[in-house]
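S.K.: First, the structure itself, so that you have it in front of you.
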Amino acid sequence: TLRQMWDPFIAYLNNRTGYNFIFKTTSSIAEFEGELASGVYDFVYLGPLHYVVYHKSQGYNAFAKVRDAGLKGILVANINDTANSIEDVDNRSIVFPRNSFAASLVPRIILKKKKFNITPVFAATHEDVYDLVSTNLYGIGGGVEQTFNTLPNNIKSKLKIIWTSDVFAPHAFAASSKISFEIVENVRVAMINMVDSNENAMILNSIKFYNGFELATDSEWNEIRKLEIKNDQE
């Protein structure tokens, strides 16, 4: 499924740059982290926490990101739940998507700072969280604005947002420090120029990057570094 989504984008990069990109993925987050730790990838698309960690340890450098795609974590509650703000979730069980920075780690950090006593439960995906909360198996869950906004109305109508985080930098497109500036710049320009035709817009839509790409610099992830999150957290 991932290959079908990404192959048109890979083909575009190959045609526009003359390079030979090869799509790679792994069967688990743990395997992905192992590959990152070994510096296997020349170019990589990775979440904000992974970027901060592997920029420091392996020298991956952000060069592009999806345009206007800052991450905002949210807490949602079932529409009939008594919780109407983050102050109402003390002593509650809350379901979070596993391995999600904005939807899981950020709200739990905030709740820890408030010294709230919560019982975290983990689901596989954002969509699973929304399903569990909409059916009231759990009253409260974590997500992000982007995934919430794409929910079908029959699910969204059963949920309410009770808290929204500050804005954080999104996933990063990063290059290994082994790759020359000239090559990285050619790739960046090719990505930023994808908005130049309807055909390319269809490619962007296939990977759900509707707004295209823009320049990214490493300092944009400094707010995440200030949180001092350990990479071995859920």
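Residue names in the structure tokens use chain letters A, B, ... in the order shown, residue numbers from 1 in each chain, and ligand numbers from 1 in the order shown.
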Do you know which residues are at most 9 Å from A:Ala103 counting only C-alpha atoms, after dropping those on the same chain fewer than 6 positions away, and could you put them as a list in words?

M.R.: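 Selected residues are Lys72, Gly73, Ile74, Leu75, Phe96, Pro97, His126, Gly141, Gly142, Gly143 and Val144 of chain A.
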
S.K.: Looking only at the backbone, which of the residues in stretch 1-227 of chain A does DSSP tag as helix (DSSP H, G or I), as a ChimeraX atom specification?

M.R.: /A:2-17,29-37,48-58,86-88,101-113,126-134,145-149,153-156,181-196,198-206,218-225

S.K.: Contacts of A:Arg108 at 12 Å or less, counting only C-alpha atoms, minus same-chain residues fewer than 2 places along, as an mmCIF file with N, CA and C atoms, in the first residue's frame?

M.R.:
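Printed below is around_32.cif as written:
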data_model
loop_
_atom_site.group_PDB
_atom_site.id
_atom_site.type_symbol
_atom_site.label_atom_id
_atom_site.label_comp_id
_atom_site.auth_asym_id
_atom_site.auth_seq_id
_atom_site.Cartn_x
_atom_site.Cartn_y
_atom_site.Cartn_z
ATOM 1 N N GLY A 73 -1.320 18.884 18.530
ATOM 2 C CA GLY A 73 -1.935 17.775 19.227
ATOM 3 C C GLY A 73 -3.282 18.197 19.800
ATOM 4 N N ILE A 74 -4.194 17.255 19.906
ATOM 5 C CA ILE A 74 -5.507 17.536 20.485
ATOM 6 C C ILE A 74 -5.910 16.419 21.434
ATOM 7 N N LEU A 75 -6.783 16.738 22.344
ATOM 8 C CA LEU A 75 -7.526 15.739 23.099
ATOM 9 C C LEU A 75 -8.976 15.838 22.665
ATOM 10 N N ILE A 86 -9.079 20.321 29.241
ATOM 11 C CA ILE A 86 -8.013 19.461 29.753
ATOM 12 C C ILE A 86 -8.075 19.361 31.277
ATOM 13 N N VAL A 89 -9.736 16.004 32.908
ATOM 14 C CA VAL A 89 -9.319 14.643 32.577
ATOM 15 C C VAL A 89 -8.512 13.964 33.679
ATOM 16 N N ASP A 90 -8.351 14.607 34.826
ATOM 17 C CA ASP A 90 -7.630 13.976 35.927
ATOM 18 C C ASP A 90 -8.360 12.710 36.358
ATOM 19 N N SER A 93 -8.966 7.340 32.244
ATOM 20 C CA SER A 93 -8.231 6.560 31.254
ATOM 21 C C SER A 93 -8.315 7.296 29.925
ATOM 22 N N ILE A 94 -7.179 7.417 29.233
ATOM 23 C CA ILE A 94 -7.133 8.132 27.962
ATOM 24 C C ILE A 94 -6.432 7.240 26.942
ATOM 25 N N VAL A 95 -7.022 7.101 25.774
ATOM 26 C CA VAL A 95 -6.445 6.268 24.723
ATOM 27 C C VAL A 95 -5.636 7.154 23.773
ATOM 28 N N PHE A 96 -4.415 6.708 23.466
ATOM 29 C CA PHE A 96 -3.501 7.449 22.599
ATOM 30 C C PHE A 96 -3.041 6.552 21.446
ATOM 31 N N PRO A 97 -2.737 7.156 20.289
ATOM 32 C CA PRO A 97 -2.108 6.365 19.221
ATOM 33 C C PRO A 97 -0.654 6.084 19.570
ATOM 34 N N SER A 100 3.187 8.256 18.472
ATOM 35 C CA SER A 100 2.806 9.530 17.845
ATOM 36 C C SER A 100 3.298 10.682 18.715
ATOM 37 N N PHE A 101 4.057 11.583 18.119
ATOM 38 C CA PHE A 101 4.610 12.700 18.869
ATOM 39 C C PHE A 101 3.516 13.649 19.362
ATOM 40 N N ALA A 102 2.800 14.258 18.428
ATOM 41 C CA ALA A 102 1.843 15.308 18.803
ATOM 42 C C ALA A 102 0.586 14.755 19.455
ATOM 43 N N ALA A 103 0.185 13.558 19.057
ATOM 44 C CA ALA A 103 -1.075 12.995 19.555
ATOM 45 C C ALA A 103 -0.924 12.229 20.860
ATOM 46 N N SER A 104 0.290 11.835 21.196
ATOM 47 C CA SER A 104 0.502 11.004 22.381
ATOM 48 C C SER A 104 1.515 11.606 23.346
ATOM 49 N N LEU A 105 2.742 11.836 22.870
ATOM 50 C CA LEU A 105 3.785 12.317 23.766
ATOM 51 C C LEU A 105 3.485 13.718 24.305
ATOM 52 N N VAL A 106 3.105 14.630 23.432
ATOM 53 C CA VAL A 106 2.891 16.016 23.870
ATOM 54 C C VAL A 106 1.786 16.120 24.917
ATOM 55 N N ILE A 110 2.191 17.368 28.946
ATOM 56 C CA ILE A 110 1.397 18.443 29.542
ATOM 57 C C ILE A 110 0.647 17.943 30.772
ATOM 58 N N LEU A 111 0.056 16.769 30.671
ATOM 59 C CA LEU A 111 -0.695 16.214 31.798
ATOM 60 C C LEU A 111 0.228 15.876 32.972
ATOM 61 N N LYS A 112 1.442 15.416 32.658
ATOM 62 C CA LYS A 112 2.409 15.135 33.717
ATOM 63 C C LYS A 112 2.804 16.410 34.443
ATOM 64 N N LYS A 113 2.994 17.502 33.683
ATOM 65 C CA LYS A 113 3.340 18.782 34.301
ATOM 66 C C LYS A 113 2.219 19.280 35.209
ATOM 67 N N LYS A 114 0.983 18.953 34.849
ATOM 68 C CA LYS A 114 -0.150 19.330 35.677
ATOM 69 C C LYS A 114 -0.327 18.393 36.881
ATOM 70 N N LYS A 115 0.498 17.336 36.914
ATOM 71 C CA LYS A 115 0.449 16.338 37.982
ATOM 72 C C LYS A 115 -0.892 15.623 38.013
ATOM 73 N N PHE A 116 -1.448 15.426 36.815
ATOM 74 C CA PHE A 116 -2.694 14.678 36.713
ATOM 75 C C PHE A 116 -2.388 13.181 36.745
ATOM 76 N N ASN A 117 -3.286 12.432 37.319
ATOM 77 C CA ASN A 117 -3.163 10.980 37.395
ATOM 78 C C ASN A 117 -4.040 10.374 36.301
ATOM 79 N N ILE A 118 -3.419 9.977 35.187
ATOM 80 C CA ILE A 118 -4.184 9.366 34.101
ATOM 81 C C ILE A 118 -3.689 7.949 33.869
ATOM 82 N N THR A 119 -4.538 7.143 33.258
ATOM 83 C CA THR A 119 -4.162 5.796 32.849
ATOM 84 C C THR A 119 -4.095 5.772 31.331
ATOM 85 N N PRO A 120 -2.872 5.774 30.762
ATOM 86 C CA PRO A 120 -2.774 5.764 29.296
ATOM 87 C C PRO A 120 -3.029 4.373 28.725
ATOM 88 N N VAL A 121 -3.776 4.336 27.645
ATOM 89 C CA VAL A 121 -4.032 3.116 26.887
ATOM 90 C C VAL A 121 -3.603 3.405 25.458
ATOM 91 N N GLY A 141 -9.482 10.714 24.115
ATOM 92 C CA GLY A 141 -8.370 10.194 23.336
ATOM 93 C C GLY A 141 -7.504 11.304 22.779
ATOM 94 N N GLY A 142 -6.308 10.939 22.324
ATOM 95 C CA GLY A 142 -5.372 11.888 21.740
ATOM 96 C C GLY A 142 -5.338 11.786 20.233
ATOM 97 N N GLY A 143 -5.141 12.926 19.573
ATOM 98 C CA GLY A 143 -5.048 12.944 18.120
ATOM 99 C C GLY A 143 -4.311 14.189 17.668
ATOM 100 N N SER A 165 -2.879 21.733 21.483
ATOM 101 C CA SER A 165 -1.512 22.082 21.886
ATOM 102 C C SER A 165 -1.007 23.298 21.109
ATOM 103 N N LEU A 227 11.537 20.134 24.824
ATOM 104 C CA LEU A 227 10.700 19.230 25.617
ATOM 105 C C LEU A 227 11.513 18.116 26.268
ATOM 106 N N ILE A 229 12.347 15.085 25.302
ATOM 107 C CA ILE A 229 11.662 13.793 25.265
ATOM 108 C C ILE A 229 12.670 12.694 24.988
ATOM 109 N N GLN A 233 10.240 6.532 24.881
ATOM 110 C CA GLN A 233 8.881 6.648 25.385
ATOM 111 C C GLN A 233 7.919 6.119 24.343
ATOM 112 N N GLU A 234 6.712 5.691 24.808
ATOM 113 C CA GLU A 234 5.706 5.195 23.886
ATOM 114 C C GLU A 234 5.382 6.259 22.849
#

S.K.: Can you pull out every residue from stretch 29-209 of chain A that DSSP, working from the backbone, puts in strand (DSSP E or B), and format the result as an MDAnalysis selection string?

M.R.: chainID A and resid 43:46 61:66 71:78 93:97 119:123 140:144 159:168 172:175

S.K.: Using only C-alpha atoms, which protein or nucleic acid residues come within 12 Å of A:Asn14? Drop anything in the same chain fewer than 5 positions from it, and give the result as an NGL selection string.

M.R.: :A and (7-9 or 19-23 or 186-187 or 190-191)

S.K.: Tell me which of A:Thr1, A:Pro107, A:Leu13, A:Tyr41 sits closest to A:Ile179, counting only C-alpha atoms.

M.R.: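 Of A:Thr1, A:Pro107, A:Leu13, A:Tyr41, the one nearest A:Ile179, counting only C-alpha atoms, is A:Tyr41.
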
S.K.: Here is a test: counting only C-alpha atoms, which residue of A:Phe63, A:Trp163, A:Phe209, A:Phe148 is nearest to A:Val44?

M.R.: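 Smallest separation from A:Val44 among the options: A:Phe63.
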